[in-house]
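Visitor: Next comes coords_11.txt, compact mmCIF, C-alpha atoms:
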# COMPACT_ATOMS: atom_id res chain seq x y z
CA MET A 63 214.34 -1.63 211.14
CA LYS A 64 214.10 -3.66 207.97
CA THR A 65 214.22 -1.98 204.59
CA ARG A 66 212.50 -3.74 201.70
CA PHE A 67 213.40 -2.98 198.11
CA ILE A 68 210.30 -2.43 195.99
CA HIS A 69 210.11 -4.24 192.68
CA SER A 70 207.40 -4.31 190.03
CA LEU A 71 204.21 -6.20 190.75
CA LEU A 72 203.76 -9.71 189.42
CA PHE A 73 200.30 -11.13 188.82
CA PHE A 74 199.37 -14.74 188.02
CA ALA A 75 195.85 -13.49 187.51
CA THR A 76 193.61 -11.99 184.89
CA ALA A 77 193.58 -8.25 184.47
CA THR A 78 190.99 -7.58 187.20
CA LEU A 79 190.10 -8.88 190.61
CA LEU A 80 186.65 -9.91 189.41
CA PRO A 81 185.99 -13.01 187.29
CA ALA A 82 185.41 -12.42 183.62
CA PHE A 83 182.62 -15.01 183.44
CA ALA A 84 180.35 -16.02 186.27
CA ALA A 85 180.61 -19.65 185.24
CA GLU A 86 184.34 -19.78 185.84
CA THR A 87 185.82 -20.80 189.18
CA ASN A 88 187.16 -17.67 190.82
CA VAL A 89 190.30 -18.46 192.86
CA VAL A 90 191.90 -15.90 195.18
CA ALA A 91 195.28 -16.75 196.72
CA ALA A 92 196.95 -14.76 199.46
CA GLU A 93 200.43 -15.22 197.94
CA ASN A 94 201.63 -15.51 194.36
CA PHE A 95 203.29 -18.91 194.76
CA TYR A 96 199.93 -20.45 195.68
CA GLY A 97 198.16 -18.50 192.95
CA GLY A 98 200.70 -19.65 190.40
CA VAL A 99 200.20 -23.31 191.27
CA ALA A 100 196.42 -22.90 191.22
CA ALA A 101 196.62 -21.32 187.76
CA GLU A 102 198.76 -24.22 186.55
CA VAL A 103 196.36 -26.94 187.66
CA LEU A 104 193.08 -25.06 187.06
CA PRO A 105 193.71 -23.43 183.67
CA ASN A 106 190.02 -22.64 183.16
CA ALA A 107 189.73 -20.78 186.44
CA THR A 108 190.25 -17.07 187.05
CA THR A 109 193.14 -16.85 189.51
CA THR A 110 194.23 -13.80 191.48
CA SER A 111 197.20 -13.43 193.82
CA ILE A 112 196.81 -10.64 196.36
CA LEU A 113 200.47 -10.44 197.41
CA SER A 114 202.38 -10.25 194.15
CA ASN A 115 205.15 -7.82 195.00
CA PRO A 116 208.29 -9.85 195.75
CA ASN A 117 209.16 -7.51 198.62
CA GLN A 118 205.75 -6.94 200.15
CA ASP A 119 205.77 -8.11 203.76
CA PRO A 120 202.67 -10.23 204.46
CA HIS A 121 203.00 -9.46 208.17
CA GLU A 122 202.57 -5.76 207.44
CA PHE A 123 200.03 -6.00 204.61
CA GLN A 124 196.99 -3.76 205.00
CA THR A 125 193.79 -4.84 203.32
CA ASP A 126 191.37 -2.50 201.58
CA ALA A 127 187.80 -2.66 200.29
CA ARG A 128 188.89 -4.02 196.90
CA THR A 129 190.79 -6.89 198.51
CA ALA A 130 187.92 -7.64 200.87
CA LYS A 131 185.47 -7.80 197.95
CA ALA A 132 187.76 -10.09 195.97
CA VAL A 133 187.98 -12.51 198.89
CA ALA A 134 184.25 -12.35 199.59
CA ASP A 135 183.43 -13.08 195.92
CA ALA A 136 185.90 -15.95 195.53
CA ASP A 137 184.80 -19.52 194.96
CA ILE A 138 188.10 -20.81 196.36
CA VAL A 139 190.37 -18.93 198.77
CA ILE A 140 193.94 -20.12 199.43
CA PHE A 141 196.13 -18.83 202.24
CA SER A 142 199.15 -20.09 204.14
CA GLY A 143 198.17 -19.83 207.79
CA ILE A 144 200.17 -20.27 211.03
CA GLY A 145 200.78 -16.55 211.37
CA TYR A 146 202.10 -15.74 207.91
CA ASP A 147 198.97 -14.05 206.55
CA ASP A 148 196.70 -13.35 209.50
CA TRP A 149 195.03 -10.55 207.53
CA MET A 150 193.38 -13.20 205.35
CA GLU A 151 191.81 -14.91 208.35
CA LYS A 152 190.31 -11.56 209.36
CA LEU A 153 188.82 -11.10 205.90
CA LEU A 154 187.41 -14.63 205.96
CA ALA A 155 185.67 -13.91 209.25
CA VAL A 156 183.28 -11.75 207.19
CA SER A 157 180.65 -13.76 205.35
CA GLY A 158 181.52 -14.70 201.78
CA LYS A 159 179.76 -16.91 199.26
CA PRO A 160 177.81 -19.72 200.94
CA SER A 161 179.55 -22.22 198.66
CA GLN A 162 183.03 -20.74 199.14
CA LYS A 163 185.84 -23.23 199.75
CA VAL A 164 188.72 -22.10 201.96
CA ILE A 165 192.10 -23.83 201.81
CA LYS A 166 194.45 -23.16 204.73
CA VAL A 167 197.58 -24.70 203.30
CA SER A 168 199.30 -25.25 206.64
CA ASP A 169 196.48 -27.60 207.64
CA LEU A 170 197.15 -29.77 204.59
CA ILE A 171 200.61 -30.71 205.84
CA GLY A 172 199.88 -30.72 209.57
CA ALA A 173 201.81 -27.52 210.31
CA LYS A 174 200.77 -25.72 213.49
CA GLU A 175 201.16 -22.38 215.22
CA GLY A 176 204.76 -21.85 216.27
CA ASP A 177 206.19 -23.82 213.35
CA ASN A 178 208.32 -22.12 210.71
CA PRO A 179 205.66 -20.30 208.62
CA HIS A 180 207.58 -20.55 205.32
CA ILE A 181 205.87 -23.82 204.48
CA TRP A 182 206.07 -23.45 200.68
CA TYR A 183 209.74 -24.46 200.95
CA ASN A 184 208.56 -27.86 202.18
CA PRO A 185 208.55 -30.16 199.11
CA LYS A 186 205.32 -31.74 200.39
CA THR A 187 203.32 -28.51 200.44
CA MET A 188 202.46 -27.84 196.81
CA PRO A 189 201.52 -31.45 196.01
CA ALA A 190 199.17 -31.32 199.02
CA LEU A 191 197.63 -28.09 197.72
CA VAL A 192 197.17 -29.57 194.25
CA GLY A 193 195.51 -32.63 195.76
CA LYS A 194 193.03 -30.42 197.60
CA LEU A 195 192.29 -28.32 194.51
CA ALA A 196 191.77 -31.48 192.46
CA GLU A 197 189.38 -32.77 195.10
CA ILE A 198 187.34 -29.56 195.12
CA GLU A 199 187.20 -29.25 191.33
CA ASN A 200 186.95 -33.00 190.67
CA THR A 201 190.02 -32.97 188.43
CA PRO A 202 192.09 -35.98 189.58
CA GLN A 203 194.26 -35.73 186.48
CA ALA A 204 195.73 -32.52 187.90
CA VAL A 205 197.52 -34.51 190.58
CA SER A 206 199.47 -36.72 188.20
CA ALA A 207 200.22 -33.79 185.90
CA PHE A 208 201.65 -31.72 188.74
CA SER A 209 203.56 -34.72 190.10
CA ALA A 210 205.34 -34.92 186.75
CA LYS A 211 206.29 -31.24 187.04
CA MET A 212 207.55 -31.74 190.60
CA LYS A 213 209.71 -34.74 189.71
CA PRO A 214 212.78 -32.75 188.54
CA LEU A 215 212.73 -30.80 191.81
CA LEU A 216 212.45 -33.91 193.95
CA ASP A 217 215.16 -35.61 191.89
CA LYS A 218 217.40 -32.57 192.41
CA ILE A 219 216.95 -32.74 196.17
CA GLU A 220 217.87 -36.42 196.19
CA ALA A 221 220.89 -35.79 193.97
CA LEU A 222 222.19 -33.10 196.34
CA LYS A 223 221.62 -34.96 199.60
CA PRO A 224 224.85 -37.02 199.49
CA ARG A 225 226.72 -33.68 199.52
CA THR A 226 224.47 -31.79 201.94
CA THR A 227 223.38 -34.30 204.60
CA GLY A 228 224.99 -33.50 207.93
CA MET A 229 226.60 -30.27 206.74
CA LYS A 230 226.26 -27.38 209.22
CA VAL A 231 224.84 -24.19 207.74
CA THR A 232 223.23 -21.01 209.02
CA ALA A 233 220.79 -18.36 207.85
CA THR A 234 219.72 -14.83 208.66
CA GLU A 235 216.04 -15.87 208.62
CA PRO A 236 214.29 -19.26 208.52
CA VAL A 237 213.00 -18.74 204.96
CA PHE A 238 214.88 -21.73 203.52
CA GLY A 239 214.36 -23.87 206.61
CA TYR A 240 212.11 -26.62 205.26
CA MET A 241 214.22 -27.09 202.13
CA ALA A 242 217.36 -27.14 204.27
CA GLU A 243 215.76 -29.90 206.32
CA ALA A 244 214.80 -31.82 203.18
CA LEU A 245 218.43 -31.61 202.06
CA GLY A 246 219.70 -32.92 205.40
CA PHE A 247 221.51 -29.75 206.43
CA VAL A 248 222.09 -29.08 210.14
CA MET A 249 220.81 -25.55 210.70
CA MET A 250 222.55 -23.36 213.28
CA ASN A 251 221.49 -20.14 215.06
CA ASP A 252 217.74 -20.73 215.08
CA GLY A 253 217.16 -18.14 217.82
CA TYR A 254 218.84 -15.40 215.83
CA GLN A 255 216.76 -16.29 212.77
CA LEU A 256 213.48 -16.18 214.68
CA ALA A 257 214.33 -12.77 216.15
CA VAL A 258 215.02 -11.29 212.72
CA MET A 259 211.89 -12.88 211.24
CA ASN A 260 209.76 -11.39 214.02
CA GLY A 261 211.29 -7.94 213.60
CA THR A 262 213.09 -7.93 216.95
CA GLU A 263 216.76 -7.46 217.73
CA PRO A 264 218.73 -10.68 218.28
CA SER A 265 220.22 -10.89 221.76
CA PHE A 266 223.85 -10.15 222.45
CA GLN A 267 224.61 -13.86 222.86
CA GLN A 268 222.73 -14.76 219.66
CA ASN A 269 224.87 -12.26 217.76
CA VAL A 270 228.06 -13.58 219.34
CA ASP A 271 227.18 -17.19 218.52
CA PHE A 272 226.25 -16.32 214.94
CA GLU A 273 229.48 -14.42 214.35
CA LYS A 274 231.51 -17.26 215.87
CA SER A 275 229.86 -19.84 213.59
CA LEU A 276 230.96 -17.78 210.59
CA GLN A 277 234.43 -16.79 211.75
CA SER A 278 235.28 -20.35 212.77
CA LYS A 279 233.74 -21.69 209.56
CA THR A 280 231.68 -24.14 211.62
CA ALA A 281 228.81 -23.10 209.37
CA LYS A 282 229.78 -23.93 205.81
CA ILE A 283 227.15 -21.79 204.01
CA LEU A 284 225.20 -18.66 204.90
CA PHE A 285 221.64 -18.39 203.54
CA TYR A 286 220.00 -14.97 203.58
CA ASN A 287 216.67 -13.46 202.59
CA ASN A 288 217.62 -11.48 199.49
CA GLN A 289 214.47 -9.36 199.70
CA VAL A 290 215.37 -7.80 203.04
CA THR A 291 218.23 -5.69 204.32
CA ASP A 292 218.87 -5.18 208.02
CA PRO A 293 222.00 -3.83 209.75
CA SER A 294 222.52 -7.03 211.72
CA THR A 295 222.09 -9.37 208.76
CA GLU A 296 224.28 -7.18 206.55
CA LYS A 297 226.98 -7.43 209.22
CA MET A 298 226.73 -11.22 209.13
CA LYS A 299 227.06 -11.24 205.36
CA THR A 300 230.19 -9.10 205.65
CA ILE A 301 231.70 -11.49 208.21
CA ALA A 302 230.87 -14.47 205.99
CA ARG A 303 232.59 -12.84 203.01
CA LYS A 304 235.69 -12.09 205.07
CA SER A 305 235.72 -15.70 206.26
CA GLY A 306 235.47 -16.92 202.67
CA LEU A 307 232.13 -18.65 203.23
CA PRO A 308 229.64 -19.14 200.39
CA ILE A 309 226.54 -16.94 200.63
CA VAL A 310 223.28 -18.04 199.00
CA GLY A 311 220.35 -15.66 198.62
CA VAL A 312 216.84 -17.09 198.80
CA SER A 313 213.58 -15.23 198.26
CA GLU A 314 210.49 -15.20 200.43
CA THR A 315 208.13 -14.58 197.50
CA GLN A 316 208.26 -16.03 193.99
CA PRO A 317 210.23 -13.50 191.92
CA PRO A 318 209.08 -12.06 188.58
CA ASP A 319 211.67 -13.98 186.57
CA ALA A 320 210.41 -17.40 187.75
CA ASP A 321 207.59 -18.64 185.55
CA SER A 322 206.54 -21.42 187.95
CA TYR A 323 206.99 -22.64 191.49
CA VAL A 324 209.22 -25.50 190.34
CA ALA A 325 211.38 -23.16 188.25
CA TRP A 326 211.80 -20.88 191.27
CA MET A 327 212.86 -23.70 193.58
CA MET A 328 215.15 -25.23 190.96
CA ALA A 329 216.93 -21.92 190.39
CA GLN A 330 217.72 -21.65 194.10
CA LEU A 331 218.93 -25.23 194.32
CA ASN A 332 221.15 -24.64 191.28
CA ALA A 333 222.63 -21.59 193.01
CA LEU A 334 223.25 -23.71 196.11
CA GLU A 335 224.85 -26.52 194.13
CA ALA A 336 227.27 -24.05 192.54
CA VAL A 337 228.79 -23.19 195.96
CA LEU A 338 228.80 -26.60 197.63
CA PRO A 339 232.23 -27.78 198.71
CA GLU A 340 233.55 -30.60 196.54
Kindly return the structure encoded in the file as structure tokens.

Guide:
Amino acid sequence: MKTRFIHSLLFFATATLLPAFAAETNVVAAENFYGGVAAEVLPNATTTSILSNPNQDPHEFQTDARTAKAVADADIVIFSGIGYDDWMEKLLAVSGKPSQKVIKVSDLIGAKEGDNPHIWYNPKTMPALVGKLAEIENTPQAVSAFSAKMKPLLDKIEALKPRTTGMKVTATEPVFGYMAEALGFVMMNDGYQLAVMNGTEPSFQQNVDFEKSLQSKTAKILFYNNQVTDPSTEKMKTIARKSGLPIVGVSETQPPDADSYVAWMMAQLNALEAVLPE
């Protein structure tokens, strides 16, 4: 059973779930990383993020009447899709505003059911979201402005790739998967990661293979979801430490100390760079 540490709530929104002025665009995002980007590119909109707690599990989130009303009243609704926030699809099945625009972010990048649901780690995701928001709000300048903000992140990825391409790594969950792919890492132990993500016990062989990849140092880095503790994943972290392998924590939700999506991603890449073998 997973245990999630509870931290303070983080909102990228105004003080209430309802818009302060009817004339403003009312944006409701399922997760805070989408809400944060929407607030950046639509500064005159009222933006609310429903999941703002960095340790709140979207798979276990239970909606209430207040959340349902916020979604129904929104002009623009943003959610991830492909199984990450199914509760939002259920809320959207109830009639909302006739003019409501719904953005399923996974559709913007061609992600489909069965793919890794942590699509915000894909460097293509947020630019695609900004492009869609700019289209809806007729603000083409938002695209170039956000592209400028993304440039340091994209430059960082390119700068790291000569050191990361082809390197074998592993992870306790597939949270970092798309960024690992962008960096050219070779990810090991996918089956184990999927089991943990889905809340099931990895098989005996999956555990054996994972432990072997750490003990033999075939995997050069261990990534772990630093918002979740689990007996199996804690055991893997202990083995990695004993083997002298670098361990890099990554978060599933944008943490309170990151003031933007780019800042969040950059902080994690900086932490990775600090442990890369020379």

Visitor: Go through A:Glu243, A:Glu273, A:Glu314, A:Asp169 one by one, measure the shortest atom-to-atom distance of each to Asn115 (chain A) using all atoms listed in the file, and give the residue with the smallest value.

Guide: A:Glu314

Visitor: Point out the residue among A:Phe208, A:Phe285, A:Phe95, A:Phe247 with the least atom-to-atom distance to Thr226 (chain A), counting only C-alpha atoms.

Guide: A:Phe247

Visitor: Would you pick out the contacts of region 190-198 of chain A at 12 Å or less, using all atoms listed in the file, so that residues sharing its chain but fewer than 5 positions from it are not included, and give the list as a ChimeraX atom specification?

Guide: /A:87,89,91,95-105,107,137-142,161-172,181-182,184-185,203-209,211-212

Visitor: Which residues are close to Phe272 (chain A), i.e. within 9 Å by all atoms listed in the file, leaving aside same-chain residues fewer than 3 positions away? Reply as a VMD selection string.

Guide: chain A and resid 232 250 to 251 254 267 to 269 275 to 277 298

Visitor: Quote the spacing between CA of Met327 (chain A) and CA of Trp149 (chain A) in Å to one decimal place.

Guide: 26.2 Å

Visitor: Extract, using all atoms listed in the file, all DNA, RNA and protein residues at most 12 Å from Glu296 (chain A), discarding same-chain residues fewer than 3 positions from it, and format them as an mmCIF file with C-alpha atoms, in the coordinates of the input.

Guide:
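See result_23.cif below for the written result:
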data_model
loop_
_atom_site.group_PDB
_atom_site.id
_atom_site.type_symbol
_atom_site.label_atom_id
_atom_site.label_comp_id
_atom_site.auth_asym_id
_atom_site.auth_seq_id
_atom_site.Cartn_x
_atom_site.Cartn_y
_atom_site.Cartn_z
ATOM 1 C CA LYS A 64 214.100 -3.660 207.970
ATOM 2 C CA THR A 65 214.220 -1.980 204.590
ATOM 3 C CA ALA A 233 220.790 -18.360 207.850
ATOM 4 C CA THR A 234 219.720 -14.830 208.660
ATOM 5 C CA VAL A 258 215.020 -11.290 212.720
ATOM 6 C CA GLU A 273 229.480 -14.420 214.350
ATOM 7 C CA LEU A 284 225.200 -18.660 204.900
ATOM 8 C CA PHE A 285 221.640 -18.390 203.540
ATOM 9 C CA TYR A 286 220.000 -14.970 203.580
ATOM 10 C CA ASN A 287 216.670 -13.460 202.590
ATOM 11 C CA ASN A 288 217.620 -11.480 199.490
ATOM 12 C CA VAL A 290 215.370 -7.800 203.040
ATOM 13 C CA THR A 291 218.230 -5.690 204.320
ATOM 14 C CA ASP A 292 218.870 -5.180 208.020
ATOM 15 C CA PRO A 293 222.000 -3.830 209.750
ATOM 16 C CA LYS A 299 227.060 -11.240 205.360
ATOM 17 C CA THR A 300 230.190 -9.100 205.650
ATOM 18 C CA ILE A 301 231.700 -11.490 208.210
ATOM 19 C CA ALA A 302 230.870 -14.470 205.990
ATOM 20 C CA ARG A 303 232.590 -12.840 203.010
ATOM 21 C CA ILE A 309 226.540 -16.940 200.630
#
